[in-house]
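Asker: For reference, this is upload39.pdb, and it has PDB, C-alpha atoms.
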MODEL        1
ATOM      1  CA  MET A1180     114.180  23.440 -16.990  1.00  0.00           C
ATOM      2  CA  ARG A1181     113.490  27.160 -17.008  1.00  0.00           C
ATOM      3  CA  VAL A1182     109.990  28.164 -15.913  1.00  0.00           C
ATOM      4  CA  ASP A1183     108.708  31.013 -18.069  1.00  0.00           C
ATOM      5  CA  ASN A1184     105.687  31.839 -15.949  1.00  0.00           C
ATOM      6  CA  GLU A1185     103.936  30.504 -12.870  1.00  0.00           C
ATOM      7  CA  MET A1186     100.751  31.109 -10.885  1.00  0.00           C
ATOM      8  CA  LYS A1187      99.227  29.686  -7.743  1.00  0.00           C
ATOM      9  CA  LEU A1188      95.537  29.571  -6.899  1.00  0.00           C
ATOM     10  CA  GLU A1189      94.033  28.479  -3.603  1.00  0.00           C
ATOM     11  CA  PHE A1190      90.331  28.129  -2.829  1.00  0.00           C
ATOM     12  CA  LEU A1191      87.939  26.344  -0.477  1.00  0.00           C
ATOM     13  CA  SER A1192      86.752  22.898  -1.553  1.00  0.00           C
ATOM     14  CA  LYS A1193      83.289  24.120  -2.518  1.00  0.00           C
ATOM     15  CA  SER A1194      81.684  22.890  -5.722  1.00  0.00           C
ATOM     16  CA  GLN A1195      80.806  26.431  -6.844  1.00  0.00           C
ATOM     17  CA  ASN A1196      84.584  27.003  -7.219  1.00  0.00           C
ATOM     18  CA  GLU A1197      84.913  24.336  -9.951  1.00  0.00           C
ATOM     19  CA  SER A1198      83.840  26.723 -12.694  1.00  0.00           C
ATOM     20  CA  PHE A1199      86.059  29.492 -11.247  1.00  0.00           C
ATOM     21  CA  ALA A1200      89.105  27.186 -11.106  1.00  0.00           C
ATOM     22  CA  ARG A1201      88.863  25.886 -14.669  1.00  0.00           C
ATOM     23  CA  SER A1202      88.259  29.417 -16.025  1.00  0.00           C
ATOM     24  CA  VAL A1203      91.349  30.803 -14.229  1.00  0.00           C
ATOM     25  CA  VAL A1204      93.599  27.990 -15.501  1.00  0.00           C
ATOM     26  CA  ALA A1205      92.225  28.426 -19.034  1.00  0.00           C
ATOM     27  CA  ALA A1206      92.891  32.179 -18.877  1.00  0.00           C
ATOM     28  CA  PHE A1207      96.463  31.559 -17.681  1.00  0.00           C
ATOM     29  CA  ALA A1208      97.108  28.975 -20.415  1.00  0.00           C
ATOM     30  CA  ALA A1209      95.708  31.365 -23.036  1.00  0.00           C
ATOM     31  CA  GLN A1210      99.104  33.128 -23.201  1.00  0.00           C
ATOM     32  CA  LEU A1211     100.379  30.115 -25.169  1.00  0.00           C
ATOM     33  CA  ASP A1212      97.816  30.819 -27.904  1.00  0.00           C
ATOM     34  CA  PRO A1213      96.011  27.485 -27.730  1.00  0.00           C
ATOM     35  CA  THR A1214      93.090  26.676 -30.012  1.00  0.00           C
ATOM     36  CA  ILE A1215      89.539  26.829 -28.611  1.00  0.00           C
ATOM     37  CA  GLU A1216      89.552  23.041 -28.637  1.00  0.00           C
ATOM     38  CA  GLU A1217      92.764  22.892 -26.565  1.00  0.00           C
ATOM     39  CA  ILE A1218      91.369  25.424 -24.066  1.00  0.00           C
ATOM     40  CA  THR A1219      88.238  23.278 -23.654  1.00  0.00           C
ATOM     41  CA  GLU A1220      90.418  20.213 -23.083  1.00  0.00           C
ATOM     42  CA  ILE A1221      92.331  22.004 -20.312  1.00  0.00           C
ATOM     43  CA  LYS A1222      89.105  23.287 -18.740  1.00  0.00           C
ATOM     44  CA  THR A1223      87.616  19.800 -18.733  1.00  0.00           C
ATOM     45  CA  ALA A1224      90.734  18.124 -17.287  1.00  0.00           C
ATOM     46  CA  VAL A1225      90.993  20.769 -14.518  1.00  0.00           C
ATOM     47  CA  SER A1226      87.293  20.374 -13.776  1.00  0.00           C
ATOM     48  CA  GLU A1227      87.769  16.613 -13.320  1.00  0.00           C
ATOM     49  CA  ALA A1228      90.794  17.007 -11.014  1.00  0.00           C
ATOM     50  CA  VAL A1229      89.154  19.719  -8.880  1.00  0.00           C
ATOM     51  CA  THR A1230      85.917  17.694  -8.626  1.00  0.00           C
ATOM     52  CA  ASN A1231      87.929  14.674  -7.452  1.00  0.00           C
ATOM     53  CA  ALA A1232      89.650  16.816  -4.795  1.00  0.00           C
ATOM     54  CA  ILE A1233      86.274  18.055  -3.486  1.00  0.00           C
ATOM     55  CA  ILE A1234      84.363  14.760  -3.604  1.00  0.00           C
ATOM     56  CA  HIS A1235      87.069  12.184  -2.914  1.00  0.00           C
ATOM     57  CA  GLY A1236      89.947  14.128  -1.328  1.00  0.00           C
ATOM     58  CA  TYR A1237      87.894  16.138   1.164  1.00  0.00           C
ATOM     59  CA  GLU A1238      84.664  14.107   0.968  1.00  0.00           C
ATOM     60  CA  TYR A1239      82.701  17.374   1.071  1.00  0.00           C
ATOM     61  CA  GLN A1240      84.517  18.522   4.237  1.00  0.00           C
ATOM     62  CA  GLU A1241      86.131  21.931   4.140  1.00  0.00           C
ATOM     63  CA  GLY A1242      89.725  22.153   2.991  1.00  0.00           C
ATOM     64  CA  TYR A1243      91.837  24.044   0.515  1.00  0.00           C
ATOM     65  CA  VAL A1244      92.444  23.017  -3.062  1.00  0.00           C
ATOM     66  CA  THR A1245      95.657  24.455  -4.507  1.00  0.00           C
ATOM     67  CA  ILE A1246      96.426  24.775  -8.194  1.00  0.00           C
ATOM     68  CA  ILE A1247      99.915  25.603  -9.424  1.00  0.00           C
ATOM     69  CA  CYS A1248     100.334  26.331 -13.127  1.00  0.00           C
ATOM     70  CA  ARG A1249     103.641  26.629 -14.890  1.00  0.00           C
ATOM     71  CA  ILE A1250     104.472  27.561 -18.408  1.00  0.00           C
ATOM     72  CA  ILE A1251     107.690  26.032 -19.713  1.00  0.00           C
ATOM     73  CA  GLU A1252     108.256  26.983 -23.341  1.00  0.00           C
ATOM     74  CA  ASN A1253     105.087  25.827 -25.094  1.00  0.00           C
ATOM     75  CA  THR A1254     104.014  23.411 -22.370  1.00  0.00           C
ATOM     76  CA  VAL A1255     101.551  24.065 -19.577  1.00  0.00           C
ATOM     77  CA  GLU A1256     101.971  22.073 -16.372  1.00  0.00           C
ATOM     78  CA  ILE A1257      99.035  22.034 -13.955  1.00  0.00           C
ATOM     79  CA  GLU A1258      99.216  20.668 -10.400  1.00  0.00           C
ATOM     80  CA  VAL A1259      95.945  20.161  -8.524  1.00  0.00           C
ATOM     81  CA  ILE A1260      96.683  19.537  -4.846  1.00  0.00           C
ATOM     82  CA  ASP A1261      94.472  18.557  -1.929  1.00  0.00           C
ATOM     83  CA  LYS A1262      95.390  17.725   1.662  1.00  0.00           C
ATOM     84  CA  GLY A1263      92.532  15.260   2.019  1.00  0.00           C
ATOM     85  CA  LYS A1264      92.255  11.539   2.631  1.00  0.00           C
ATOM     86  CA  GLY A1265      94.500  10.282  -0.179  1.00  0.00           C
ATOM     87  CA  ILE A1266      93.975   7.400  -2.617  1.00  0.00           C
ATOM     88  CA  GLU A1267      94.521   3.841  -1.390  1.00  0.00           C
ATOM     89  CA  ASP A1268      95.016   2.248  -4.802  1.00  0.00           C
ATOM     90  CA  ILE A1269      95.953   4.749  -7.523  1.00  0.00           C
ATOM     91  CA  GLU A1270      95.953   2.159 -10.291  1.00  0.00           C
ATOM     92  CA  LYS A1271      92.400   1.112  -9.430  1.00  0.00           C
ATOM     93  CA  ALA A1272      91.234   4.731  -9.138  1.00  0.00           C
ATOM     94  CA  ARG A1273      92.527   5.450 -12.652  1.00  0.00           C
ATOM     95  CA  GLN A1274      90.618   2.573 -14.234  1.00  0.00           C
ATOM     96  CA  PRO A1275      87.725   3.618 -16.476  1.00  0.00           C
ATOM     97  CA  LEU A1276      84.302   3.239 -14.833  1.00  0.00           C
ATOM     98  CA  TYR A1277      85.798   2.691 -11.361  1.00  0.00           C
ATOM     99  CA  THR A1278      84.194   4.822  -8.685  1.00  0.00           C
ATOM    100  CA  SER A1279      84.557   4.576  -4.934  1.00  0.00           C
ATOM    101  CA  LYS A1280      81.237   6.381  -4.583  1.00  0.00           C
ATOM    102  CA  PRO A1281      78.643   4.645  -6.819  1.00  0.00           C
ATOM    103  CA  GLU A1282      75.840   6.019  -4.621  1.00  0.00           C
ATOM    104  CA  LEU A1283      76.649   9.506  -5.940  1.00  0.00           C
ATOM    105  CA  GLU A1284      75.985   8.483  -9.551  1.00  0.00           C
ATOM    106  CA  ARG A1285      79.562   9.207 -10.539  1.00  0.00           C
ATOM    107  CA  SER A1286      80.570   7.928 -13.967  1.00  0.00           C
ATOM    108  CA  GLY A1287      84.044   6.800 -12.864  1.00  0.00           C
ATOM    109  CA  MET A1288      85.524   8.464 -15.940  1.00  0.00           C
ATOM    110  CA  GLY A1289      87.369  11.398 -14.356  1.00  0.00           C
ATOM    111  CA  PHE A1290      90.925  10.109 -14.800  1.00  0.00           C
ATOM    112  CA  THR A1291      90.085   8.687 -18.239  1.00  0.00           C
ATOM    113  CA  VAL A1292      88.950  12.142 -19.369  1.00  0.00           C
ATOM    114  CA  MET A1293      92.099  13.780 -17.909  1.00  0.00           C
ATOM    115  CA  GLU A1294      94.269  11.236 -19.732  1.00  0.00           C
ATOM    116  CA  ALA A1295      92.398  11.731 -23.016  1.00  0.00           C
ATOM    117  CA  PHE A1296      92.674  15.518 -22.935  1.00  0.00           C
ATOM    118  CA  MET A1297      96.180  16.018 -21.548  1.00  0.00           C
ATOM    119  CA  ASP A1298      99.521  14.664 -22.817  1.00  0.00           C
ATOM    120  CA  GLN A1299     100.609  13.370 -19.423  1.00  0.00           C
ATOM    121  CA  VAL A1300      98.809  12.740 -16.116  1.00  0.00           C
ATOM    122  CA  ASP A1301     100.709  11.726 -12.961  1.00  0.00           C
ATOM    123  CA  VAL A1302      99.153  11.039  -9.580  1.00  0.00           C
ATOM    124  CA  ILE A1303     100.993  11.230  -6.268  1.00  0.00           C
ATOM    125  CA  SER A1304      99.004  10.268  -3.206  1.00  0.00           C
ATOM    126  CA  GLU A1305      99.493   9.311   0.403  1.00  0.00           C
ATOM    127  CA  LEU A1306      96.751   8.054   2.718  1.00  0.00           C
ATOM    128  CA  GLY A1307      95.783  10.700   5.250  1.00  0.00           C
ATOM    129  CA  LYS A1308      98.064  13.274   3.596  1.00  0.00           C
ATOM    130  CA  GLY A1309      96.408  14.083   0.297  1.00  0.00           C
ATOM    131  CA  THR A1310      96.685  13.827  -3.453  1.00  0.00           C
ATOM    132  CA  THR A1311      98.501  15.762  -6.169  1.00  0.00           C
ATOM    133  CA  VAL A1312      97.545  15.379  -9.820  1.00  0.00           C
ATOM    134  CA  ILE A1313     100.135  16.717 -12.262  1.00  0.00           C
ATOM    135  CA  MET A1314      98.976  17.230 -15.835  1.00  0.00           C
ATOM    136  CA  LYS A1315     100.995  18.433 -18.807  1.00  0.00           C
ATOM    137  CA  LYS A1316     100.000  19.588 -22.230  1.00  0.00           C
ATOM    138  CA  THR A1317     102.237  20.860 -25.013  1.00  0.00           C
ATOM    139  CA  PHE A1318     100.808  23.131 -27.678  1.00  0.00           C
ATOM    140  CA  LYS A1319     101.906  22.805 -31.224  1.00  0.00           C
ATOM    141  CA  LYS A1320     103.856  25.783 -32.414  1.00  0.00           C
ATOM    142  CA  GLU A1321     102.360  27.553 -35.398  1.00  0.00           C
ATOM    143  CA  LEU A1322     104.294  26.889 -38.565  1.00  0.00           C
TER     144      LEU A1322
ATOM    145  CA  MET B 450      73.029  26.499 -15.677  1.00  0.00           C
ATOM    146  CA  GLY B 451      69.442  25.855 -16.602  1.00  0.00           C
ATOM    147  CA  VAL B 452      67.138  23.117 -17.716  1.00  0.00           C
ATOM    148  CA  SER B 453      63.731  23.285 -19.389  1.00  0.00           C
ATOM    149  CA  PHE B 454      61.263  20.630 -20.451  1.00  0.00           C
ATOM    150  CA  GLU B 455      58.860  19.973 -23.274  1.00  0.00           C
ATOM    151  CA  THR B 456      56.727  16.901 -23.912  1.00  0.00           C
ATOM    152  CA  LEU B 457      56.076  15.676 -27.439  1.00  0.00           C
ATOM    153  CA  ASN B 458      53.901  12.577 -27.796  1.00  0.00           C
ATOM    154  CA  ASN B 459      55.273  10.323 -25.100  1.00  0.00           C
ATOM    155  CA  THR B 460      58.765  11.813 -25.144  1.00  0.00           C
ATOM    156  CA  LEU B 461      60.218  14.226 -22.606  1.00  0.00           C
ATOM    157  CA  ILE B 462      62.659  16.665 -24.200  1.00  0.00           C
ATOM    158  CA  ILE B 463      65.240  17.874 -21.680  1.00  0.00           C
ATOM    159  CA  LYS B 464      66.941  21.052 -22.830  1.00  0.00           C
ATOM    160  CA  LEU B 465      70.226  21.697 -21.032  1.00  0.00           C
ATOM    161  CA  ASN B 466      71.743  25.175 -21.003  1.00  0.00           C
ATOM    162  CA  GLY B 467      75.070  26.569 -19.792  1.00  0.00           C
ATOM    163  CA  GLU B 468      77.608  24.365 -18.037  1.00  0.00           C
ATOM    164  CA  LEU B 469      77.013  20.886 -16.610  1.00  0.00           C
ATOM    165  CA  ASP B 470      79.629  20.014 -13.993  1.00  0.00           C
ATOM    166  CA  HIS B 471      79.594  18.453 -10.520  1.00  0.00           C
ATOM    167  CA  HIS B 472      78.291  21.697  -9.008  1.00  0.00           C
ATOM    168  CA  SER B 473      75.285  22.076 -11.315  1.00  0.00           C
ATOM    169  CA  SER B 474      74.636  18.317 -11.579  1.00  0.00           C
ATOM    170  CA  THR B 475      72.672  18.128  -8.288  1.00  0.00           C
ATOM    171  CA  TYR B 476      70.141  20.736  -9.376  1.00  0.00           C
ATOM    172  CA  ILE B 477      69.906  19.335 -12.917  1.00  0.00           C
ATOM    173  CA  ARG B 478      69.461  15.753 -11.668  1.00  0.00           C
ATOM    174  CA  ASP B 479      66.725  16.777  -9.219  1.00  0.00           C
ATOM    175  CA  SER B 480      64.882  18.866 -11.842  1.00  0.00           C
ATOM    176  CA  ILE B 481      64.951  16.033 -14.397  1.00  0.00           C
ATOM    177  CA  ASP B 482      63.785  13.441 -11.865  1.00  0.00           C
ATOM    178  CA  GLU B 483      60.932  15.695 -10.823  1.00  0.00           C
ATOM    179  CA  ALA B 484      59.863  16.169 -14.471  1.00  0.00           C
ATOM    180  CA  ILE B 485      60.069  12.414 -15.142  1.00  0.00           C
ATOM    181  CA  LEU B 486      57.959  11.689 -12.062  1.00  0.00           C
ATOM    182  CA  LYS B 487      55.365  14.298 -13.045  1.00  0.00           C
ATOM    183  CA  LYS B 488      55.113  13.544 -16.769  1.00  0.00           C
ATOM    184  CA  ASN B 489      55.923   9.836 -16.727  1.00  0.00           C
ATOM    185  CA  PRO B 490      57.348   9.779 -20.293  1.00  0.00           C
ATOM    186  CA  ARG B 491      58.193   6.608 -22.185  1.00  0.00           C
ATOM    187  CA  ASN B 492      61.301   8.046 -23.861  1.00  0.00           C
ATOM    188  CA  ILE B 493      63.586  10.989 -23.138  1.00  0.00           C
ATOM    189  CA  ILE B 494      65.740  13.165 -25.390  1.00  0.00           C
ATOM    190  CA  PHE B 495      68.585  15.353 -24.134  1.00  0.00           C
ATOM    191  CA  ASP B 496      68.770  18.528 -26.230  1.00  0.00           C
ATOM    192  CA  MET B 497      72.370  19.715 -25.818  1.00  0.00           C
ATOM    193  CA  SER B 498      72.227  22.672 -28.246  1.00  0.00           C
ATOM    194  CA  GLY B 499      72.512  25.197 -25.396  1.00  0.00           C
ATOM    195  CA  LEU B 500      75.153  23.314 -23.429  1.00  0.00           C
ATOM    196  CA  ASN B 501      78.600  24.945 -23.561  1.00  0.00           C
ATOM    197  CA  PHE B 502      80.561  22.761 -21.153  1.00  0.00           C
ATOM    198  CA  MET B 503      80.231  19.294 -19.710  1.00  0.00           C
ATOM    199  CA  ASP B 504      82.609  17.041 -17.778  1.00  0.00           C
ATOM    200  CA  SER B 505      82.219  13.461 -16.545  1.00  0.00           C
ATOM    201  CA  SER B 506      79.741  14.595 -13.873  1.00  0.00           C
ATOM    202  CA  GLY B 507      77.313  15.238 -16.730  1.00  0.00           C
ATOM    203  CA  ILE B 508      77.934  11.720 -18.031  1.00  0.00           C
ATOM    204  CA  GLY B 509      76.913  10.433 -14.576  1.00  0.00           C
ATOM    205  CA  VAL B 510      73.636  12.383 -14.786  1.00  0.00           C
ATOM    206  CA  ILE B 511      72.868  11.048 -18.281  1.00  0.00           C
ATOM    207  CA  ILE B 512      73.687   7.414 -17.389  1.00  0.00           C
ATOM    208  CA  GLY B 513      71.534   7.642 -14.242  1.00  0.00           C
ATOM    209  CA  ARG B 514      68.496   8.804 -16.251  1.00  0.00           C
ATOM    210  CA  TYR B 515      69.266   6.214 -18.972  1.00  0.00           C
ATOM    211  CA  LYS B 516      69.064   3.389 -16.393  1.00  0.00           C
ATOM    212  CA  GLN B 517      65.802   4.771 -15.057  1.00  0.00           C
ATOM    213  CA  ILE B 518      64.093   5.105 -18.473  1.00  0.00           C
ATOM    214  CA  THR B 519      65.363   1.849 -20.008  1.00  0.00           C
ATOM    215  CA  SER B 520      64.339  -0.154 -16.923  1.00  0.00           C
ATOM    216  CA  ASN B 521      60.756   0.827 -17.834  1.00  0.00           C
ATOM    217  CA  GLY B 522      61.241  -0.196 -21.470  1.00  0.00           C
ATOM    218  CA  GLY B 523      61.862   3.343 -22.716  1.00  0.00           C
ATOM    219  CA  LYS B 524      64.605   4.776 -24.930  1.00  0.00           C
ATOM    220  CA  VAL B 525      67.047   7.667 -24.645  1.00  0.00           C
ATOM    221  CA  GLY B 526      68.549   9.898 -27.319  1.00  0.00           C
ATOM    222  CA  ILE B 527      70.879  12.904 -27.432  1.00  0.00           C
ATOM    223  CA  VAL B 528      70.689  15.749 -29.957  1.00  0.00           C
ATOM    224  CA  SER B 529      72.823  18.727 -31.024  1.00  0.00           C
ATOM    225  CA  MET B 530      76.069  18.149 -29.129  1.00  0.00           C
ATOM    226  CA  LYS B 531      78.840  20.710 -29.584  1.00  0.00           C
ATOM    227  CA  PRO B 532      82.144  19.102 -30.696  1.00  0.00           C
ATOM    228  CA  GLN B 533      83.806  19.247 -27.251  1.00  0.00           C
ATOM    229  CA  ILE B 534      80.789  17.617 -25.596  1.00  0.00           C
ATOM    230  CA  LYS B 535      80.655  14.965 -28.306  1.00  0.00           C
ATOM    231  CA  ARG B 536      84.250  14.045 -27.467  1.00  0.00           C
ATOM    232  CA  ILE B 537      83.377  13.423 -23.811  1.00  0.00           C
ATOM    233  CA  TYR B 538      80.365  11.390 -24.977  1.00  0.00           C
ATOM    234  CA  GLU B 539      82.666   9.255 -27.139  1.00  0.00           C
ATOM    235  CA  ILE B 540      85.532   8.913 -24.617  1.00  0.00           C
ATOM    236  CA  CYS B 541      83.129   7.816 -21.888  1.00  0.00           C
ATOM    237  CA  GLY B 542      81.601   5.126 -24.112  1.00  0.00           C
ATOM    238  CA  LEU B 543      78.119   6.658 -24.060  1.00  0.00           C
ATOM    239  CA  LYS B 544      78.059   6.324 -27.835  1.00  0.00           C
ATOM    240  CA  ARG B 545      77.571   2.572 -27.464  1.00  0.00           C
ATOM    241  CA  ILE B 546      74.361   2.881 -25.449  1.00  0.00           C
ATOM    242  CA  ILE B 547      72.744   6.232 -26.308  1.00  0.00           C
ATOM    243  CA  PRO B 548      72.335   7.245 -29.966  1.00  0.00           C
ATOM    244  CA  ASN B 549      73.123  10.763 -31.122  1.00  0.00           C
ATOM    245  CA  TYR B 550      70.843  12.585 -33.606  1.00  0.00           C
ATOM    246  CA  ASP B 551      71.183  15.931 -35.339  1.00  0.00           C
ATOM    247  CA  SER B 552      67.637  17.135 -34.624  1.00  0.00           C
ATOM    248  CA  ILE B 553      64.792  16.538 -32.173  1.00  0.00           C
ATOM    249  CA  LYS B 554      62.566  15.625 -35.122  1.00  0.00           C
ATOM    250  CA  THR B 555      64.916  12.830 -36.255  1.00  0.00           C
ATOM    251  CA  ALA B 556      65.367  11.613 -32.690  1.00  0.00           C
ATOM    252  CA  ILE B 557      61.603  11.296 -32.142  1.00  0.00           C
ATOM    253  CA  GLU B 558      61.215   9.436 -35.457  1.00  0.00           C
ATOM    254  CA  LYS B 559      64.095   7.030 -34.763  1.00  0.00           C
ATOM    255  CA  LEU B 560      63.549   6.277 -31.071  1.00  0.00           C
TER     256      LEU B 560
ENDMDL
END
Starting from the coordinates I provided, produce the structure as structure tokens.
Answerer:
Amino acid sequence: MRVDNEMKLEFLSKSQNESFARSVVAAFAAQLDPTIEEITEIKTAVSEAVTNAIIHGYEYQEGYVTIICRIIENTVEIEVIDKGKGIEDIEKARQPLYTSKPELERSGMGFTVMEAFMDQVDVISELGKGTTVIMKKTFKKEL
Amino acid sequence: MGVSFETLNNTLIIKLNGELDHHSSTYIRDSIDEAILKKNPRNIIFDMSGLNFMDSSGIGVIIGRYKQITSNGGKVGIVSMKPQIKRIYEICGLKRIIPNYDSIKTAIEKL
């Protein structure tokens, strides 16, 4: 399928970059004229994926988080990539309330929130290699 | 991101401002725990009127404080959530354990 626009963002896995990352993705997606509600949904989903990369992918060690955004017609596709430790059991990680780090007071709702706010969420992960979360959202065309 | 506190009767009102994500959650959690330790309230109310963004990290902070307060027989309420924050609150199932009120006055009366 033809890609209408694409951007790539790369930043260190520091928590102060979470706000930066979600704002950049929201600004890029804004060219599709989403509603304020849709923009907030994208910001929240990106925030969850980036937080996972920092906490679980890199476990607070330094590494790079990469975000690739594509616009294909009226759909935005967002890939959040880390080269961290990878997820052993993706199905388990996606379950609501599951957290591998209960000592950090995590709610275990990250993937549930991504799934609720985006149309499609796919996770590709390999132990020791890293994790890629691919999220898609299609905006309704104005009538 | 900021947090301020006010005590009314035996209730600690926690006013959250700005954006509550994983990055700001450490500071917010520590500030709230310090205020709870100092003021030893029976109940707490989260005033979300100044909160513009929250992800599931914020839910973790709220649930942590909820466990702390309810283990001492206290109650927790939330007031003035913006629509996008209310959706997170509903998706994460917080609705079942922490009631939502439209004003601090109502929350204090009902808790």
Asker: What residues in chain B have any atom no more than 6 Å from chain A when counting only C-alpha atoms, and can you write them as a PDB file with C-alpha atoms, in the frame of the given file?
Answerer:
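This went into selection-v4.pdb:
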ATOM      1  CA  HIS B 472      78.291  21.697  -9.008  1.00  0.00           C
ATOM      2  CA  ASP B 504      82.609  17.041 -17.778  1.00  0.00           C
ATOM      3  CA  SER B 505      82.219  13.461 -16.545  1.00  0.00           C
ATOM      4  CA  GLY B 509      76.913  10.433 -14.576  1.00  0.00           C
TER       5      GLY B 509
END
Asker: Tell me, as JSON, numbers by chain, which residues lie within 10 Å of stretch 1307-1312 of chain A, counting all atoms listed in the file; anything in the same chain fewer than 6 positions away does not count.
Answerer: {"A": [1225, 1228, 1229, 1231, 1232, 1235, 1236, 1237, 1244, 1245, 1246, 1257, 1258, 1259, 1260, 1261, 1262, 1263, 1264, 1265, 1266, 1267, 1269, 1290, 1293, 1300, 1301]}
Asker: I need the chosen residues saved as a PDB file, in the coordinates of the input, with C-alpha atoms.
Answerer:
ATOM      1  CA  VAL A1225      90.993  20.769 -14.518  1.00  0.00           C
ATOM      2  CA  ALA A1228      90.794  17.007 -11.014  1.00  0.00           C
ATOM      3  CA  VAL A1229      89.154  19.719  -8.880  1.00  0.00           C
ATOM      4  CA  ASN A1231      87.929  14.674  -7.452  1.00  0.00           C
ATOM      5  CA  ALA A1232      89.650  16.816  -4.795  1.00  0.00           C
ATOM      6  CA  HIS A1235      87.069  12.184  -2.914  1.00  0.00           C
ATOM      7  CA  GLY A1236      89.947  14.128  -1.328  1.00  0.00           C
ATOM      8  CA  TYR A1237      87.894  16.138   1.164  1.00  0.00           C
ATOM      9  CA  VAL A1244      92.444  23.017  -3.062  1.00  0.00           C
ATOM     10  CA  THR A1245      95.657  24.455  -4.507  1.00  0.00           C
ATOM     11  CA  ILE A1246      96.426  24.775  -8.194  1.00  0.00           C
ATOM     12  CA  ILE A1257      99.035  22.034 -13.955  1.00  0.00           C
ATOM     13  CA  GLU A1258      99.216  20.668 -10.400  1.00  0.00           C
ATOM     14  CA  VAL A1259      95.945  20.161  -8.524  1.00  0.00           C
ATOM     15  CA  ILE A1260      96.683  19.537  -4.846  1.00  0.00           C
ATOM     16  CA  ASP A1261      94.472  18.557  -1.929  1.00  0.00           C
ATOM     17  CA  LYS A1262      95.390  17.725   1.662  1.00  0.00           C
ATOM     18  CA  GLY A1263      92.532  15.260   2.019  1.00  0.00           C
ATOM     19  CA  LYS A1264      92.255  11.539   2.631  1.00  0.00           C
ATOM     20  CA  GLY A1265      94.500  10.282  -0.179  1.00  0.00           C
ATOM     21  CA  ILE A1266      93.975   7.400  -2.617  1.00  0.00           C
ATOM     22  CA  GLU A1267      94.521   3.841  -1.390  1.00  0.00           C
ATOM     23  CA  ILE A1269      95.953   4.749  -7.523  1.00  0.00           C
ATOM     24  CA  PHE A1290      90.925  10.109 -14.800  1.00  0.00           C
ATOM     25  CA  MET A1293      92.099  13.780 -17.909  1.00  0.00           C
ATOM     26  CA  VAL A1300      98.809  12.740 -16.116  1.00  0.00           C
ATOM     27  CA  ASP A1301     100.709  11.726 -12.961  1.00  0.00           C
TER      28      ASP A1301
END
Asker: Using all atoms listed in the file, which of A:Leu1188, A:Gln1274, A:Thr1214, A:Ile1303 sits nearest B:Cys541?
Answerer: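 Ranking A:Leu1188, A:Gln1274, A:Thr1214, A:Ile1303 by distance to B:Cys541, first place goes to A:Gln1274.
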Asker: Decode the PyMOL selection byres ((chain B and resi 513) around 10) for the given file into explicit residues and return them as a list in words.
Answerer: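 What the PyMOL selection byres ((chain B and resi 513) around 10) grabs from the file is Leu1283, Glu1284, Arg1285 and Ser1286 of chain A; Arg478, Asp482, Gly507, Ile508, Gly509, Val510, Ile511, Ile512, Arg514, Tyr515, Lys516, Gln517 and Ile518 of chain B.
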Asker: Which polymer residues have any atom within 10 Å of an atom of A:Lys1319, counting all atoms listed in the file, with same-chain residues fewer than 3 positions away left out, as a PyMOL selection string?
Answerer: chain A and resi 1211-1214+1253-1254+1316+1322
Asker: Need the neighbours of (64.5, 12.4, -16.2): which residues are at most 12 Å away, counting all atoms listed in the file, as a PyMOL selection string?
Answerer: chain B and resi 452-456+460-465+477-495+510-519+523-525
Asker: Generate the coordinates of N, CA and C atoms for stretch 474-484 of chain B; report them as a compact mmCIF listing (two decimals), in the frame of the given file.
Answerer:
# COMPACT_ATOMS: atom_id res chain seq x y z
N SER B 474 75.28 19.62 -11.33
CA SER B 474 74.64 18.32 -11.58
C SER B 474 73.54 17.98 -10.55
N THR B 475 73.68 18.43 -9.31
CA THR B 475 72.67 18.13 -8.29
C THR B 475 71.33 18.75 -8.66
N TYR B 476 71.37 20.03 -9.01
CA TYR B 476 70.14 20.74 -9.38
C TYR B 476 69.53 20.14 -10.65
N ILE B 477 70.39 19.87 -11.64
CA ILE B 477 69.91 19.34 -12.92
C ILE B 477 69.28 17.95 -12.71
N ARG B 478 69.96 17.11 -11.94
CA ARG B 478 69.46 15.75 -11.67
C ARG B 478 68.09 15.82 -10.98
N ASP B 479 67.99 16.66 -9.96
CA ASP B 479 66.72 16.78 -9.22
C ASP B 479 65.60 17.30 -10.11
N SER B 480 65.91 18.30 -10.95
CA SER B 480 64.88 18.87 -11.84
C SER B 480 64.40 17.83 -12.84
N ILE B 481 65.33 17.05 -13.41
CA ILE B 481 64.95 16.03 -14.40
C ILE B 481 64.10 14.95 -13.72
N ASP B 482 64.53 14.50 -12.55
CA ASP B 482 63.78 13.44 -11.86
C ASP B 482 62.37 13.89 -11.50
N GLU B 483 62.24 15.15 -11.15
CA GLU B 483 60.93 15.70 -10.82
C GLU B 483 60.04 15.70 -12.07
N ALA B 484 60.62 16.12 -13.22
CA ALA B 484 59.86 16.17 -14.47
C ALA B 484 59.47 14.76 -14.92
